[in-house]
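Notes follow the structure.
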Amino acid sequence: MNGLSDSARRTRTDRMGRVRHRMADLGITALLLSHGADLPWLTGYEAMPLERLTMLVVPAEGDAVLVVPALEAPRVRDAGTLFDVRPWSEEEDPAEVVAGIVAAVGRGVRLSPDTRLAISDRAWSVSLLVLQSRLPAATWAPASVVTAPVRAVKDPAEQAALRAAGGAADRVAAALQSGEIPLVGRRESDVSADLARLLVAEGHDRVNFVIVGSGPNAASPHHEPGGRVIGTGETVVCDFGGSLSLDGDVGYCSDITRTVVTGDPSPEVAECYEVLREAQEAAARAARAGSRAGAVDAVARRIIAAAGLGDRFIHRTGHGIGIEEHEDPYLVTGNDELLAPGHAFSVEPGIYVPGRFGMRLEDIVVIDEAGDPELLNQADRSLVVVDA
């Protein structure tokens, strides 16, 4: 695996081992990884979203093989001891190549009605359909039944990357709160561009999203920043994040939300924000090993509902984070999954008054080895007043 440090090589070998252990528990014959985060998480290779088939075949036993278009093969780094590379030419049928590997490689692969294959949740549907026609004896499952619970528990390298990304996002939030980024009289899209620029300047390799919602637009949690000009006396919700890579490895995500106000807040806004801050702090404290994910959501929801604002909290309390901005575990009502050391997720309750104002407060939390919540963001959580 040329180019990898010994620690990175051990990390990926450990991930492959954990995946195969999970496959054995579930009786999965082979794991087929295409587009999506599972492939770069396991191999370091991110496939381009092309119509040409790319697929890593991980049999229950035997060597893993990355089937890749020949013109993309030069982009594959770090192959060797963990997986082999099988380029396919334009004259070949890549589905037949994959089917042949599934049928032939590894002692544990025998095509029969008991053959269970797990394929990437985000593989092209046409890839699944053609492989099903080539492997008609197999039954199929989404790869996430194997990979999601393994990926959800972040290893030390992943936690280090998340801390670095969180620290970089904090520095951008501090610039926002200090007034370094002018707000009043500027379009939301201009402020969004400034935040994106600072994310890169602070070390992110890629900007994933920048939400800027002002005044009534702040009541739309996923508002797309546009031409509205920010005025005085308004809440401005800024939710932004990107991907940051340590040592050339796969990038890990930041995600932070801070709400500022352009001038002194009204009593209503100030009171709502105190409720929001209490709910976010209590939910973060409750996010401990052994707690159920849905119970953390309930903590934030009870506090907001007790203030008569329950119908103004219209989304889940949080989502897992890693290579992807949203992944397991999800802090949402009905999710009985037990939180565990290594789980990383957002805690981000919000209060939204349609047509008037909105607010959200978000930090990333990782559960440490002792089972306690560690907040990866430290930017000021108060309702900061920026100069009008």
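Just so we're on the same page: first chain in the structure tokens is A, next is B, and so on; residues restart at 1 for each chain, and ligands are numbered from 1 in the order they show up.
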Exercise for the section: Would you mind listing what lies within 9 Å of Val207 of chain A as a list of chain:residue names, with only C-alpha atoms counted and same-chain residues fewer than 3 positions away left out? Expected result: A:Ala196, A:Arg197, A:Leu199, A:Val200, A:His204, A:Val210, A:Phe240, A:Gly241, A:Gly242, A:Ser243
Keeping N, CA and C atoms for every residue in the selection just given, could you write it to a file as a PDB file, in the first residue's frame?
ATOM      1  N   ALA A 196     -17.608  30.171   3.003  1.00  0.00           N
ATOM      2  CA  ALA A 196     -16.976  29.100   2.220  1.00  0.00           C
ATOM      3  C   ALA A 196     -15.491  29.367   2.032  1.00  0.00           C
ATOM      4  N   ARG A 197     -15.164  30.604   1.713  1.00  0.00           N
ATOM      5  CA  ARG A 197     -13.754  30.963   1.516  1.00  0.00           C
ATOM      6  C   ARG A 197     -12.953  30.731   2.797  1.00  0.00           C
ATOM      7  N   LEU A 199     -13.652  28.623   5.237  1.00  0.00           N
ATOM      8  CA  LEU A 199     -13.525  27.190   5.508  1.00  0.00           C
ATOM      9  C   LEU A 199     -12.283  26.620   4.831  1.00  0.00           C
ATOM     10  N   VAL A 200     -12.073  27.010   3.583  1.00  0.00           N
ATOM     11  CA  VAL A 200     -10.886  26.537   2.866  1.00  0.00           C
ATOM     12  C   VAL A 200      -9.627  27.144   3.466  1.00  0.00           C
ATOM     13  N   HIS A 204      -9.915  23.293   5.353  1.00  0.00           N
ATOM     14  CA  HIS A 204     -10.790  22.317   4.707  1.00  0.00           C
ATOM     15  C   HIS A 204     -10.359  22.101   3.257  1.00  0.00           C
ATOM     16  N   VAL A 210     -23.034  25.687   2.805  1.00  0.00           N
ATOM     17  CA  VAL A 210     -23.066  26.891   3.636  1.00  0.00           C
ATOM     18  C   VAL A 210     -24.487  27.445   3.574  1.00  0.00           C
ATOM     19  N   PHE A 240     -22.734  25.652   8.443  1.00  0.00           N
ATOM     20  CA  PHE A 240     -21.745  25.412   7.398  1.00  0.00           C
ATOM     21  C   PHE A 240     -20.814  24.270   7.786  1.00  0.00           C
ATOM     22  N   GLY A 241     -20.205  23.699   6.762  1.00  0.00           N
ATOM     23  CA  GLY A 241     -19.263  22.612   7.012  1.00  0.00           C
ATOM     24  C   GLY A 241     -18.565  22.184   5.740  1.00  0.00           C
ATOM     25  N   GLY A 242     -17.485  21.470   5.925  1.00  0.00           N
ATOM     26  CA  GLY A 242     -16.717  20.961   4.800  1.00  0.00           C
ATOM     27  C   GLY A 242     -16.020  19.672   5.177  1.00  0.00           C
ATOM     28  N   SER A 243     -15.128  19.231   4.328  1.00  0.00           N
ATOM     29  CA  SER A 243     -14.349  18.012   4.572  1.00  0.00           C
ATOM     30  C   SER A 243     -12.884  18.381   4.720  1.00  0.00           C
TER      31      SER A 243
END
Exercise for the section: Please identify all polymer residues within 12 Å of Ser89 of chain A, counting only C-alpha atoms, omitting same-chain residues fewer than 6 positions from it, and present them as a list in words. Expected result: Arg52, Leu53, Val67, Val68, Pro69, Ala70, Leu71, Glu72, Ala73 and Val97 of chain A
Output of the above residues as a tab-separated table (two decimals), in the first residue's frame, restricted to N, CA and C atoms:
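Here's the written file selection_4.tsv:
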chain	number	residue	atom	x	y	z
A	52	ARG	N	-19.58	4.32	-15.87
A	52	ARG	CA	-18.72	3.14	-15.89
A	52	ARG	C	-18.66	2.52	-14.50
A	53	LEU	N	-18.72	1.21	-14.46
A	53	LEU	CA	-18.81	0.51	-13.18
A	53	LEU	C	-17.47	0.49	-12.44
A	67	VAL	N	-12.58	-3.61	-8.92
A	67	VAL	CA	-12.83	-3.61	-10.36
A	67	VAL	C	-13.06	-2.16	-10.76
A	68	VAL	N	-12.22	-1.66	-11.68
A	68	VAL	CA	-12.22	-0.23	-11.98
A	68	VAL	C	-12.00	-0.02	-13.47
A	69	PRO	N	-12.63	0.99	-14.08
A	69	PRO	CA	-12.35	1.26	-15.49
A	69	PRO	C	-10.86	1.50	-15.71
A	70	ALA	N	-10.33	1.01	-16.80
A	70	ALA	CA	-8.89	1.13	-17.05
A	70	ALA	C	-8.43	2.58	-17.04
A	71	LEU	N	-9.26	3.49	-17.53
A	71	LEU	CA	-8.86	4.88	-17.59
A	71	LEU	C	-8.85	5.53	-16.20
A	72	GLU	N	-9.49	4.88	-15.22
A	72	GLU	CA	-9.49	5.39	-13.85
A	72	GLU	C	-8.43	4.71	-12.98
A	73	ALA	N	-7.88	3.61	-13.44
A	73	ALA	CA	-6.93	2.84	-12.63
A	73	ALA	C	-5.74	3.65	-12.14
A	97	VAL	N	-17.23	-9.23	-15.25
A	97	VAL	CA	-16.00	-9.30	-14.48
A	97	VAL	C	-16.32	-9.45	-13.00
Practice task
Could you please write out, as number ranges by chain, every residue of segment 83-302 of chain A that DSSP assigns to helix (DSSP H, G or I)?
Solution key: A: 94-104, 125-134, 144-152, 156-177, 188-201, 215-219, 267-286, 293-302
Export C-alpha atoms of the chosen residues as a tab-separated table (two decimals), in the first residue's frame?
chain	number	residue	atom	x	y	z
A	94	PRO	CA	-17.63	-5.06	-16.17
A	95	ALA	CA	-20.68	-6.77	-14.71
A	96	GLU	CA	-19.38	-10.08	-16.03
A	97	VAL	CA	-16.00	-9.30	-14.48
A	98	VAL	CA	-17.60	-8.68	-11.08
A	99	ALA	CA	-19.85	-11.73	-11.37
A	100	GLY	CA	-16.86	-13.89	-12.22
A	101	ILE	CA	-14.94	-12.67	-9.18
A	102	VAL	CA	-17.92	-13.27	-6.92
A	103	ALA	CA	-18.33	-16.78	-8.30
A	104	ALA	CA	-14.67	-17.74	-8.20
A	125	SER	CA	-29.73	1.10	-9.84
A	126	VAL	CA	-28.65	-0.09	-13.28
A	127	SER	CA	-25.56	-1.66	-11.71
A	128	LEU	CA	-27.70	-3.61	-9.27
A	129	LEU	CA	-30.14	-4.71	-11.95
A	130	VAL	CA	-27.46	-5.98	-14.32
A	131	LEU	CA	-25.61	-7.78	-11.52
A	132	GLN	CA	-28.84	-9.43	-10.42
A	133	SER	CA	-29.26	-10.72	-13.96
A	134	ARG	CA	-25.70	-12.11	-13.90
A	144	SER	CA	-25.25	-0.53	5.12
A	145	VAL	CA	-26.40	-3.57	7.10
A	146	VAL	CA	-22.71	-4.48	7.20
A	147	THR	CA	-20.92	-1.16	7.14
A	148	ALA	CA	-23.17	1.36	8.93
A	149	PRO	CA	-22.68	0.08	12.50
A	150	VAL	CA	-18.94	-0.41	11.88
A	151	ARG	CA	-18.48	3.06	10.40
A	152	ALA	CA	-20.55	4.64	13.17
A	156	PRO	CA	-8.77	7.07	16.79
A	157	ALA	CA	-7.67	8.31	13.35
A	158	GLU	CA	-11.23	9.29	12.48
A	159	GLN	CA	-11.73	11.05	15.79
A	160	ALA	CA	-8.53	13.03	15.23
A	161	ALA	CA	-9.76	14.11	11.79
A	162	LEU	CA	-13.14	15.13	13.20
A	163	ARG	CA	-11.44	17.19	15.92
A	164	ALA	CA	-9.28	18.95	13.34
A	165	ALA	CA	-12.32	19.68	11.17
A	166	GLY	CA	-14.28	20.91	14.18
A	167	GLY	CA	-11.48	23.21	15.25
A	168	ALA	CA	-11.25	24.70	11.77
A	169	ALA	CA	-15.01	25.29	11.70
A	170	ASP	CA	-14.77	26.96	15.11
A	171	ARG	CA	-12.30	29.48	13.73
A	172	VAL	CA	-14.72	30.35	10.94
A	173	ALA	CA	-17.56	30.71	13.46
A	174	ALA	CA	-15.38	33.01	15.56
A	175	ALA	CA	-14.78	35.21	12.51
A	176	LEU	CA	-18.53	35.42	11.97
A	177	GLN	CA	-19.25	36.26	15.59
A	188	GLU	CA	-27.12	36.11	2.00
A	189	SER	CA	-25.26	34.62	-0.96
A	190	ASP	CA	-22.35	37.01	-0.42
A	191	VAL	CA	-22.06	36.02	3.25
A	192	SER	CA	-22.27	32.37	2.23
A	193	ALA	CA	-19.36	32.86	-0.17
A	194	ASP	CA	-17.28	34.49	2.59
A	195	LEU	CA	-17.90	31.59	4.95
A	196	ALA	CA	-16.98	29.10	2.22
A	197	ARG	CA	-13.75	30.96	1.52
A	198	LEU	CA	-12.81	30.92	5.20
A	199	LEU	CA	-13.52	27.19	5.51
A	200	VAL	CA	-10.89	26.54	2.87
A	201	ALA	CA	-8.50	29.09	4.37
A	215	GLY	CA	-34.96	37.32	8.98
A	216	PRO	CA	-37.94	35.24	7.80
A	217	ASN	CA	-35.58	32.98	5.82
A	218	ALA	CA	-34.02	31.88	9.11
A	219	ALA	CA	-37.24	29.95	9.77
A	267	PRO	CA	-37.34	40.13	24.16
A	268	GLU	CA	-39.11	37.33	22.27
A	269	VAL	CA	-36.00	36.38	20.32
A	270	ALA	CA	-33.81	36.55	23.44
A	271	GLU	CA	-36.22	34.35	25.42
A	272	CYS	CA	-36.50	31.79	22.63
A	273	TYR	CA	-32.73	31.62	22.35
A	274	GLU	CA	-32.30	30.93	26.06
A	275	VAL	CA	-34.72	28.01	25.68
A	276	LEU	CA	-32.75	26.78	22.67
A	277	ARG	CA	-29.41	27.02	24.44
A	278	GLU	CA	-30.76	25.15	27.47
A	279	ALA	CA	-32.17	22.41	25.23
A	280	GLN	CA	-28.93	22.03	23.27
A	281	GLU	CA	-26.77	21.91	26.40
A	282	ALA	CA	-29.02	19.37	28.13
A	283	ALA	CA	-29.16	17.13	25.04
A	284	ALA	CA	-25.38	17.23	24.68
A	285	ARG	CA	-24.97	16.22	28.35
A	286	ALA	CA	-27.44	13.37	27.86
A	293	ALA	CA	-30.35	7.88	20.50
A	294	GLY	CA	-34.04	8.70	20.63
A	295	ALA	CA	-33.80	9.59	24.31
A	296	VAL	CA	-31.31	12.37	23.52
A	297	ASP	CA	-33.79	13.78	21.04
A	298	ALA	CA	-36.47	13.62	23.74
A	299	VAL	CA	-34.36	15.67	26.16
A	300	ALA	CA	-34.14	18.62	23.77
A	301	ARG	CA	-37.76	18.26	22.69
A	302	ARG	CA	-39.14	18.27	26.25
Handout entry: Selection near Arg316 of chain A, 9 Å with only C-alpha atoms, sequence-local residues under 6 positions removed, as a PyMOL selection string
Key = chain A and resi 297+330-333+348-349
Can you write out the residues you just picked, keeping N, CA and C atoms, as a PDB file, in the first residue's frame?
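Result file follows (result-v5.pdb):
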ATOM      1  N   ASP A 297     -32.836  12.929  21.736  1.00  0.00           N
ATOM      2  CA  ASP A 297     -33.795  13.782  21.037  1.00  0.00           C
ATOM      3  C   ASP A 297     -34.899  14.228  21.990  1.00  0.00           C
ATOM      4  N   TYR A 330     -28.561   8.356  14.207  1.00  0.00           N
ATOM      5  CA  TYR A 330     -29.455   9.505  14.118  1.00  0.00           C
ATOM      6  C   TYR A 330     -30.167   9.716  15.453  1.00  0.00           C
ATOM      7  N   LEU A 331     -30.106  10.938  15.961  1.00  0.00           N
ATOM      8  CA  LEU A 331     -30.775  11.278  17.221  1.00  0.00           C
ATOM      9  C   LEU A 331     -32.193  11.721  16.887  1.00  0.00           C
ATOM     10  N   VAL A 332     -33.090  10.753  16.865  1.00  0.00           N
ATOM     11  CA  VAL A 332     -34.456  11.021  16.431  1.00  0.00           C
ATOM     12  C   VAL A 332     -35.414  10.135  17.212  1.00  0.00           C
ATOM     13  N   THR A 333     -36.589  10.632  17.456  1.00  0.00           N
ATOM     14  CA  THR A 333     -37.613   9.879  18.177  1.00  0.00           C
ATOM     15  C   THR A 333     -37.825   8.520  17.520  1.00  0.00           C
ATOM     16  N   GLU A 348     -28.277  19.534  17.534  1.00  0.00           N
ATOM     17  CA  GLU A 348     -28.656  20.778  16.876  1.00  0.00           C
ATOM     18  C   GLU A 348     -30.164  21.063  16.912  1.00  0.00           C
ATOM     19  N   PRO A 349     -30.728  21.274  18.073  1.00  0.00           N
ATOM     20  CA  PRO A 349     -32.136  21.680  18.104  1.00  0.00           C
ATOM     21  C   PRO A 349     -32.318  23.057  17.469  1.00  0.00           C
TER      22      PRO A 349
END
Exercise for the section: Rank nothing, just name the residue among A:Gly36, A:Gly185, A:Pro373, A:Gly80 nearest to Ser291 of chain A, using only C-alpha atoms. Expected result: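 Going through A:Gly36, A:Gly185, A:Pro373, A:Gly80 one by one, the smallest distance to Ser291 of chain A is for A:Pro373.
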Problem - Using only C-alpha atoms: which of A:Ala289, A:Leu309, A:Val386, A:Leu82 has the shortest distance to Glu374 of chain A - result: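 So, comparing all the options, the nearest one is A:Ala289.
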Problem - Distance of atom CA of Glu51 of chain A from atom CA of Glu90 of chain A, expressed in Å to one decimal place - result: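 Calculated distance between atom CA of Glu90 of chain A and atom CA of Glu51 of chain A is 12.3 Å.
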Exercise for the section: For atom CA of Arg187 of chain A and atom CA of Ser254 of chain A, quote the distance in Å rounded to one decimal. Expected result: 24.2 Å
Handout entry: Counting only C-alpha atoms, the residue of A:Ile314, A:Leu338, A:Leu183, A:Val366 that sits nearest Arg228 of chain A
Key =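 Ranked by minimum distance to Arg228 of chain A, first place goes to A:Leu183.
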Handout entry: Å distance separating atom CA of Arg288 of chain A from atom CA of Leu339 of chain A, one decimal place
Key =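 The value is 6.6 Å.
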Practice task
Mind checking which residues fall within 8 Å of Ile211 of chain A, counting only C-alpha atoms, ignoring those fewer than 4 positions away in the same chain, and posting them as a VMD selection string?
Solution key: chain A and resid 192 222 to 225 237 to 240
Handout entry: Contact residues around Asp14 of chain A with only C-alpha atoms at 12 Å, ignoring same-chain residues under 3 positions, as a VMD selection string
Key = chain A and resid 7 to 11 17 to 21 41 to 43 82 150 to 151 154 to 157
Handout entry: strand (DSSP E) call set, DSSP backbone run, segment 6-246 of chain A, as number ranges by chain
Key = A: 30-33, 55-59, 64-69, 83-88, 116-119, 139-142, 206-214, 235-244
Problem - Residue among A:Pro329, A:Gly358, A:Gly320, A:Gly62 lying closest to Arg292 of chain A, counting only C-alpha atoms - result: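 Closest to Arg292 of chain A of all the choices is A:Pro329.
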